[in-house]
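Visitor: Right, I'll just put the structure down here and ask away after.
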Amino acid sequence: MTKAIVTGAAGRMGSRIMSLISVTEGIEVTGAVEMKGHSVLGKDIGETLGLDKTGVVIEDDIKKCINKGDVVIDFTHHDVVVDHLRIAAENDKAMVIGTTGLTMNEIESIKNLAKNTRCVLAPNMSVGVNVMFKVLEYAAEVLGDNFDVEIVEAHHNLKKDAPSGTAAKMARIIAESLGRDLDKVGVYERKGMVGVRTKDEIGIQTVRAGDIIGEHTVIFGGVGERLEFIHRAHSRDNFASGAIRAAIWIINRENGLYDMQDVLGLRD
Ligand code: NAD
């Protein structure tokens with residue numbers, strides 16, 4: 001049985017992860033952490049999830065429960081992730097990091113700390129999206145320069161960054177597969193007399209509307225045909241179940257930094 005400590009326990013992701021774990025075999029929540037001052041501190045996680053009491057109380061410091069688990073699942077805020085990983089590494093615990101918005105310095109620190117423990121870092125834990133990354137790499141390689149590539153992503157109206165990190169990663173994978181430099185060929189908006197489309201450009205367009213959880217469409221437009229690959233997230237559960245899969249997978253690995261391609265066995 002994998003014992004998981006969930007940080008960000010009252011957050012959108014943390015609470016979904018704990019709910020899904022409660023109905024998943026082979027893993028249980030043995031520790032939960034929230035930010036100092038949060039109204040859920042001291043409460044049983046069952047109480048916060050609308051389930052039966054579990055005996056696991058939400059703590060305000062990961063150090064108070066780090067020895068109760070095998071793996072920390074972190075969906076919090078980028079500025080606390082490095083501290084959480086340091087404490088996990090010092091106590092020989094594995095870690096799954098889903099938190100996004102990490103700075104270059106924070107990513108460097110994570111790489112260094114992962115030499116002393118095992119860690120999965122993935123800005124998109126969705127199994128479907130990670131399979132799509134692999135499919136796009138292959139499609140671009142086979143379709144080559146004869147197909148125009150356009151990416152359209154859509155998210156809810158509260159999302160602050162654009163394009164999504166997932167769309168940016170899709171564009172990077174396709175550019176690398178085609179031997180192009182995304183910084184030179186990425187086109188993020190078109191308006192007015194922009195001229196005909198250049199052969200090399202990769203369009204990345206953004207839609208923000210309502211409560212769309214996340215949609216990514218990649219179009220390969222050729223002569224007389226086009227291929228479209230679409231991923232639609234129906235709820236946050238696709239990220240949560242990917243994180244749980246990663247948590248179960250990571251505990252028996254060698255020390256090092258992994259991503260979802262490793263978890264899913266998609267690495268070449
Ligand atoms: P959220 O704001 O609902 O939840 C974050 C929680 O972390 C909050 O409850 C907050 O109080 C808590 N927190 C902050 N500092 C803490 C600390 N020091 N210790 C413990 N808890 C702390 O946000 P969310 O929608 O759950 O997303 C969390 C993060 O996960 C974001 O960075 C988001 O972009 C990312 N995310 C990643 C994926 C993925 O697939 N990797 C999917 C969805 C969201």
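Within each chain, counting starts at residue 1; across the structure tokens, chains are named A, B, ... in the order shown, with ligands numbered 1 upward in that order.
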Excluding same-chain residues fewer than 6 positions from range 168-183 of chain A, what lies within 7 Å of it counting only C-alpha atoms, as a VMD selection string?

Guide: chain A and resid 133 136 to 137 140 to 141 144

Visitor: Which of range 15-239 of chain A counts as strand (DSSP E) under DSSP, as number ranges by chain please?

Guide: A: 27-33, 58-59, 71-74, 94-97, 118-121, 148-155, 186-187, 202-208, 214-221, 226-233

Visitor: Check every protein, DNA and RNA residue against ligand 1, keep those with an atom at most 6 Å away (counting only C-alpha atoms and all ligand atoms), and present them as a list in words.

Guide: Thr7, Gly8, Ala10, Gly11, Arg12, Met13, Gly14, Val33, Glu34, Met35, Phe75, Thr76, His77, Val80, Gly98, Thr99, Thr100, Ala122, Pro123, Asn124, Met125, Ser126 and Phe239 of chain A

Visitor: Keeping N, CA, C and O atoms, export the residues of the selection given above as a PDB file, in the first residue's frame.

Guide:
ATOM      1  N   THR A   7      -0.012  17.762  -0.134  1.00  0.00           N
ATOM      2  CA  THR A   7       0.153  19.169   0.255  1.00  0.00           C
ATOM      3  C   THR A   7      -0.750  20.022  -0.647  1.00  0.00           C
ATOM      4  O   THR A   7      -0.951  19.712  -1.811  1.00  0.00           O
ATOM      5  N   GLY A   8      -1.288  21.092  -0.058  1.00  0.00           N
ATOM      6  CA  GLY A   8      -2.319  21.852  -0.771  1.00  0.00           C
ATOM      7  C   GLY A   8      -3.648  21.122  -0.649  1.00  0.00           C
ATOM      8  O   GLY A   8      -4.470  21.104  -1.575  1.00  0.00           O
ATOM      9  N   ALA A  10      -6.490  21.519   0.708  1.00  0.00           N
ATOM     10  CA  ALA A  10      -7.818  22.141   0.532  1.00  0.00           C
ATOM     11  C   ALA A  10      -7.968  22.762  -0.853  1.00  0.00           C
ATOM     12  O   ALA A  10      -9.012  23.333  -1.170  1.00  0.00           O
ATOM     13  N   GLY A  11      -6.936  22.651  -1.662  1.00  0.00           N
ATOM     14  CA  GLY A  11      -6.979  23.260  -2.999  1.00  0.00           C
ATOM     15  C   GLY A  11      -7.848  22.455  -3.952  1.00  0.00           C
ATOM     16  O   GLY A  11      -8.291  21.346  -3.633  1.00  0.00           O
ATOM     17  N   ARG A  12      -8.099  23.030  -5.138  1.00  0.00           N
ATOM     18  CA  ARG A  12      -8.917  22.331  -6.149  1.00  0.00           C
ATOM     19  C   ARG A  12      -8.310  20.970  -6.478  1.00  0.00           C
ATOM     20  O   ARG A  12      -9.006  19.954  -6.515  1.00  0.00           O
ATOM     21  N   MET A  13      -6.997  20.936  -6.721  1.00  0.00           N
ATOM     22  CA  MET A  13      -6.353  19.673  -7.090  1.00  0.00           C
ATOM     23  C   MET A  13      -6.160  18.771  -5.878  1.00  0.00           C
ATOM     24  O   MET A  13      -6.459  17.577  -5.932  1.00  0.00           O
ATOM     25  N   GLY A  14      -5.652  19.337  -4.778  1.00  0.00           N
ATOM     26  CA  GLY A  14      -5.370  18.532  -3.578  1.00  0.00           C
ATOM     27  C   GLY A  14      -6.616  17.797  -3.110  1.00  0.00           C
ATOM     28  O   GLY A  14      -6.573  16.594  -2.791  1.00  0.00           O
ATOM     29  N   VAL A  33      -1.462  18.485   4.267  1.00  0.00           N
ATOM     30  CA  VAL A  33      -0.860  19.749   4.709  1.00  0.00           C
ATOM     31  C   VAL A  33      -1.549  20.918   4.005  1.00  0.00           C
ATOM     32  O   VAL A  33      -1.849  20.835   2.807  1.00  0.00           O
ATOM     33  N   GLU A  34      -1.793  21.966   4.737  1.00  0.00           N
ATOM     34  CA  GLU A  34      -2.291  23.214   4.153  1.00  0.00           C
ATOM     35  C   GLU A  34      -1.475  24.398   4.690  1.00  0.00           C
ATOM     36  O   GLU A  34      -0.664  24.241   5.591  1.00  0.00           O
ATOM     37  N   MET A  35      -1.704  25.533   4.070  1.00  0.00           N
ATOM     38  CA  MET A  35      -0.984  26.758   4.398  1.00  0.00           C
ATOM     39  C   MET A  35      -1.312  27.214   5.826  1.00  0.00           C
ATOM     40  O   MET A  35      -2.457  27.053   6.268  1.00  0.00           O
ATOM     41  N   PHE A  75       0.493  19.914  -5.091  1.00  0.00           N
ATOM     42  CA  PHE A  75      -0.166  20.882  -5.984  1.00  0.00           C
ATOM     43  C   PHE A  75      -0.433  22.104  -5.119  1.00  0.00           C
ATOM     44  O   PHE A  75      -1.517  22.241  -4.543  1.00  0.00           O
ATOM     45  N   THR A  76       0.578  22.965  -4.974  1.00  0.00           N
ATOM     46  CA  THR A  76       0.451  24.114  -4.072  1.00  0.00           C
ATOM     47  C   THR A  76       0.754  25.398  -4.821  1.00  0.00           C
ATOM     48  O   THR A  76       0.007  25.827  -5.687  1.00  0.00           O
ATOM     49  N   HIS A  77       1.879  26.006  -4.481  1.00  0.00           N
ATOM     50  CA  HIS A  77       2.306  27.266  -5.095  1.00  0.00           C
ATOM     51  C   HIS A  77       3.791  27.128  -5.364  1.00  0.00           C
ATOM     52  O   HIS A  77       4.507  26.520  -4.561  1.00  0.00           O
ATOM     53  N   VAL A  80       6.715  27.333  -2.659  1.00  0.00           N
ATOM     54  CA  VAL A  80       6.908  26.424  -1.512  1.00  0.00           C
ATOM     55  C   VAL A  80       7.407  25.039  -1.948  1.00  0.00           C
ATOM     56  O   VAL A  80       7.808  24.226  -1.124  1.00  0.00           O
ATOM     57  N   GLY A  98       3.106  18.587  -9.189  1.00  0.00           N
ATOM     58  CA  GLY A  98       2.223  19.018 -10.276  1.00  0.00           C
ATOM     59  C   GLY A  98       2.143  20.530 -10.357  1.00  0.00           C
ATOM     60  O   GLY A  98       1.651  21.085 -11.341  1.00  0.00           O
ATOM     61  N   THR A  99       2.622  21.200  -9.303  1.00  0.00           N
ATOM     62  CA  THR A  99       2.561  22.663  -9.248  1.00  0.00           C
ATOM     63  C   THR A  99       3.266  23.275 -10.453  1.00  0.00           C
ATOM     64  O   THR A  99       4.349  22.825 -10.835  1.00  0.00           O
ATOM     65  N   THR A 100       2.646  24.300 -11.031  1.00  0.00           N
ATOM     66  CA  THR A 100       3.231  24.954 -12.209  1.00  0.00           C
ATOM     67  C   THR A 100       3.719  26.366 -11.846  1.00  0.00           C
ATOM     68  O   THR A 100       3.596  26.797 -10.704  1.00  0.00           O
ATOM     69  N   ALA A 122       5.816  17.245 -13.517  1.00  0.00           N
ATOM     70  CA  ALA A 122       5.086  17.318 -14.793  1.00  0.00           C
ATOM     71  C   ALA A 122       4.032  18.417 -14.730  1.00  0.00           C
ATOM     72  O   ALA A 122       3.115  18.351 -13.905  1.00  0.00           O
ATOM     73  N   PRO A 123       4.165  19.436 -15.568  1.00  0.00           N
ATOM     74  CA  PRO A 123       3.182  20.521 -15.560  1.00  0.00           C
ATOM     75  C   PRO A 123       1.815  20.082 -16.088  1.00  0.00           C
ATOM     76  O   PRO A 123       0.832  20.796 -15.920  1.00  0.00           O
ATOM     77  N   ASN A 124       1.749  18.927 -16.737  1.00  0.00           N
ATOM     78  CA  ASN A 124       0.446  18.385 -17.125  1.00  0.00           C
ATOM     79  C   ASN A 124       0.462  16.881 -16.864  1.00  0.00           C
ATOM     80  O   ASN A 124       1.169  16.138 -17.527  1.00  0.00           O
ATOM     81  N   MET A 125      -0.325  16.464 -15.851  1.00  0.00           N
ATOM     82  CA  MET A 125      -0.299  15.063 -15.413  1.00  0.00           C
ATOM     83  C   MET A 125      -1.316  14.217 -16.166  1.00  0.00           C
ATOM     84  O   MET A 125      -1.451  13.028 -15.882  1.00  0.00           O
ATOM     85  N   SER A 126      -2.053  14.816 -17.082  1.00  0.00           N
ATOM     86  CA  SER A 126      -3.084  14.067 -17.796  1.00  0.00           C
ATOM     87  C   SER A 126      -2.448  12.952 -18.628  1.00  0.00           C
ATOM     88  O   SER A 126      -1.528  13.199 -19.416  1.00  0.00           O
ATOM     89  N   PHE A 239      -6.124  15.095 -14.369  1.00  0.00           N
ATOM     90  CA  PHE A 239      -4.816  15.460 -13.787  1.00  0.00           C
ATOM     91  C   PHE A 239      -4.607  14.692 -12.471  1.00  0.00           C
ATOM     92  O   PHE A 239      -3.521  14.204 -12.184  1.00  0.00           O
TER      93      PHE A 239
END

Visitor: Do you have the CA of Asp92 in chain A-CA of Asn116 in chain A distance handy?

Guide: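 Atom-to-atom, CA of Asp92 in chain A and CA of Asn116 in chain A are spaced 7.8 Å apart.
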
Visitor: Find, counting only C-alpha atoms, the residue in A:Gly101, A:Gly256, A:Pro163, A:Gly37 that gets nearest to Ile58 in chain A.

Guide: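 For Ile58 in chain A, the nearest of the given residues is A:Gly37.
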
Visitor: Give me, as a ChimeraX atom specification, all polymer residues having an atom no more than 12 Å from Lys199 in chain A, counting only C-alpha atoms and skipping those fewer than 4 positions away in the same chain.

Guide: /A:144-150,178,180,185-187,203,221-222

Visitor: Those selected residues, please, written with N, CA, C and O atoms and delivered as a compact mmCIF listing (two decimals), in the first residue's frame.

Guide:
# COMPACT_ATOMS: atom_id res chain seq x y z
N GLY A 144 6.06 15.67 -41.90
CA GLY A 144 7.14 16.53 -42.37
C GLY A 144 6.68 17.91 -42.81
O GLY A 144 5.69 18.45 -42.31
N ASP A 145 7.41 18.50 -43.78
CA ASP A 145 7.21 19.91 -44.14
C ASP A 145 6.01 20.16 -45.04
O ASP A 145 5.70 21.31 -45.33
N ASN A 146 5.33 19.10 -45.49
CA ASN A 146 4.22 19.31 -46.42
C ASN A 146 2.90 19.64 -45.72
O ASN A 146 1.90 19.88 -46.38
N PHE A 147 2.90 19.62 -44.41
CA PHE A 147 1.67 19.91 -43.66
C PHE A 147 1.87 21.15 -42.79
O PHE A 147 2.89 21.27 -42.12
N ASP A 148 0.89 22.08 -42.86
CA ASP A 148 0.94 23.28 -42.01
C ASP A 148 0.47 22.91 -40.61
O ASP A 148 -0.55 22.22 -40.46
N VAL A 149 1.21 23.40 -39.61
CA VAL A 149 0.83 23.05 -38.22
C VAL A 149 0.21 24.26 -37.53
O VAL A 149 0.80 25.35 -37.51
N GLU A 150 -0.98 24.05 -36.98
CA GLU A 150 -1.67 25.08 -36.20
C GLU A 150 -2.16 24.45 -34.90
O GLU A 150 -2.72 23.34 -34.91
N LEU A 178 10.38 18.59 -36.37
CA LEU A 178 10.53 19.11 -37.74
C LEU A 178 11.87 19.82 -37.94
O LEU A 178 12.14 20.37 -39.01
N ARG A 180 12.90 22.59 -36.44
CA ARG A 180 12.73 24.05 -36.49
C ARG A 180 12.94 24.66 -35.10
O ARG A 180 12.76 23.97 -34.10
N VAL A 185 9.82 30.33 -35.44
CA VAL A 185 8.68 29.98 -36.30
C VAL A 185 7.32 30.05 -35.59
O VAL A 185 6.29 29.91 -36.24
N GLY A 186 7.32 30.27 -34.27
CA GLY A 186 6.05 30.35 -33.53
C GLY A 186 5.31 31.64 -33.89
O GLY A 186 5.90 32.73 -33.85
N VAL A 187 4.02 31.54 -34.26
CA VAL A 187 3.20 32.72 -34.58
C VAL A 187 2.00 32.72 -33.65
O VAL A 187 1.17 31.81 -33.69
N GLY A 203 1.50 27.95 -35.90
CA GLY A 203 0.56 28.88 -35.28
C GLY A 203 0.10 28.35 -33.94
O GLY A 203 -0.17 27.15 -33.78
N GLY A 221 -2.40 20.56 -41.59
CA GLY A 221 -3.17 20.83 -42.81
C GLY A 221 -2.34 20.55 -44.05
O GLY A 221 -1.31 21.21 -44.27
N GLY A 222 -2.79 19.58 -44.84
CA GLY A 222 -2.07 19.24 -46.08
C GLY A 222 -2.90 19.58 -47.29
O GLY A 222 -3.91 20.28 -47.19

Visitor: Nearest residue to Lys115 in chain A out of A:Leu20, A:Leu102, A:Val131, A:Ala89, using only C-alpha atoms?

Guide: A:Ala89

Visitor: Skipping near chain neighbours, those fewer than 4 positions away, what residues fall within 12 Å of Trp249 in chain A using only C-alpha atoms, listed as a ChimeraX atom specification?

Guide: /A:1-2,26-27,70-71,94-96,118-120,242-245,253-254,258-265

Visitor: Those same residues - N, CA and C atoms - I'd like them written as a short mmCIF file (atom, residue, chain, number, x, y, z; two decimals), in the first residue's frame.

Guide:
data_model
loop_
_atom_site.label_atom_id
_atom_site.label_comp_id
_atom_site.auth_asym_id
_atom_site.auth_seq_id
_atom_site.Cartn_x
_atom_site.Cartn_y
_atom_site.Cartn_z
N MET A 1 0.85 -1.21 0.00
CA MET A 1 0.00 0.00 0.00
C MET A 1 0.88 1.26 0.00
N THR A 2 0.68 2.13 -0.99
CA THR A 2 1.44 3.38 -1.06
C THR A 2 0.80 4.39 -0.11
N GLY A 26 -4.64 0.32 -3.49
CA GLY A 26 -3.17 0.33 -3.49
C GLY A 26 -2.56 1.63 -3.02
N ILE A 27 -3.38 2.61 -2.66
CA ILE A 27 -2.84 3.89 -2.17
C ILE A 27 -3.81 4.48 -1.15
N ASP A 70 5.09 7.61 2.16
CA ASP A 70 6.19 7.21 1.28
C ASP A 70 6.43 8.28 0.22
N VAL A 71 5.38 9.03 -0.12
CA VAL A 71 5.45 9.95 -1.25
C VAL A 71 4.60 11.20 -0.97
N ALA A 94 9.71 10.00 -1.59
CA ALA A 94 9.56 10.36 -3.00
C ALA A 94 8.62 11.56 -3.11
N MET A 95 8.58 12.17 -4.30
CA MET A 95 7.68 13.32 -4.46
C MET A 95 7.15 13.41 -5.88
N VAL A 96 5.89 13.82 -5.98
CA VAL A 96 5.25 14.10 -7.28
C VAL A 96 4.90 15.59 -7.26
N ARG A 118 13.67 10.48 -5.27
CA ARG A 118 13.03 10.24 -6.57
C ARG A 118 11.85 11.19 -6.70
N CYS A 119 11.73 11.80 -7.88
CA CYS A 119 10.76 12.88 -8.03
C CYS A 119 10.18 12.87 -9.45
N VAL A 120 8.86 13.01 -9.54
CA VAL A 120 8.21 13.22 -10.85
C VAL A 120 7.79 14.69 -10.91
N GLY A 242 -3.71 11.07 -13.01
CA GLY A 242 -2.32 10.97 -13.48
C GLY A 242 -1.34 11.14 -12.32
N ALA A 243 -1.65 12.07 -11.42
CA ALA A 243 -0.77 12.30 -10.26
C ALA A 243 -0.73 11.07 -9.35
N ILE A 244 -1.88 10.42 -9.19
CA ILE A 244 -1.95 9.22 -8.34
C ILE A 244 -1.14 8.09 -8.99
N ARG A 245 -1.29 7.95 -10.31
CA ARG A 245 -0.52 6.93 -11.04
C ARG A 245 0.99 7.18 -10.86
N ARG A 253 11.51 3.73 -7.65
CA ARG A 253 12.52 4.10 -8.67
C ARG A 253 13.84 4.48 -8.02
N GLU A 254 14.86 4.54 -8.87
CA GLU A 254 16.16 5.09 -8.45
C GLU A 254 15.99 6.60 -8.24
N TYR A 258 12.05 12.58 -12.93
CA TYR A 258 11.29 11.91 -13.98
C TYR A 258 10.13 12.80 -14.41
N ASP A 259 9.52 12.46 -15.56
CA ASP A 259 8.28 13.14 -15.94
C ASP A 259 7.23 12.10 -16.33
N MET A 260 6.10 12.57 -16.83
CA MET A 260 5.00 11.62 -17.12
C MET A 260 5.34 10.68 -18.27
N GLN A 261 6.25 11.09 -19.16
CA GLN A 261 6.67 10.17 -20.23
C GLN A 261 7.33 8.93 -19.62
N ASP A 262 8.09 9.13 -18.52
CA ASP A 262 8.70 7.99 -17.82
C ASP A 262 7.62 7.15 -17.13
N VAL A 263 6.70 7.84 -16.45
CA VAL A 263 5.65 7.13 -15.70
C VAL A 263 4.85 6.24 -16.64
N LEU A 264 4.57 6.73 -17.84
CA LEU A 264 3.72 6.00 -18.78
C LEU A 264 4.50 5.06 -19.70
N GLY A 265 5.83 5.02 -19.51
CA GLY A 265 6.65 4.13 -20.34
C GLY A 265 6.73 4.60 -21.79
#
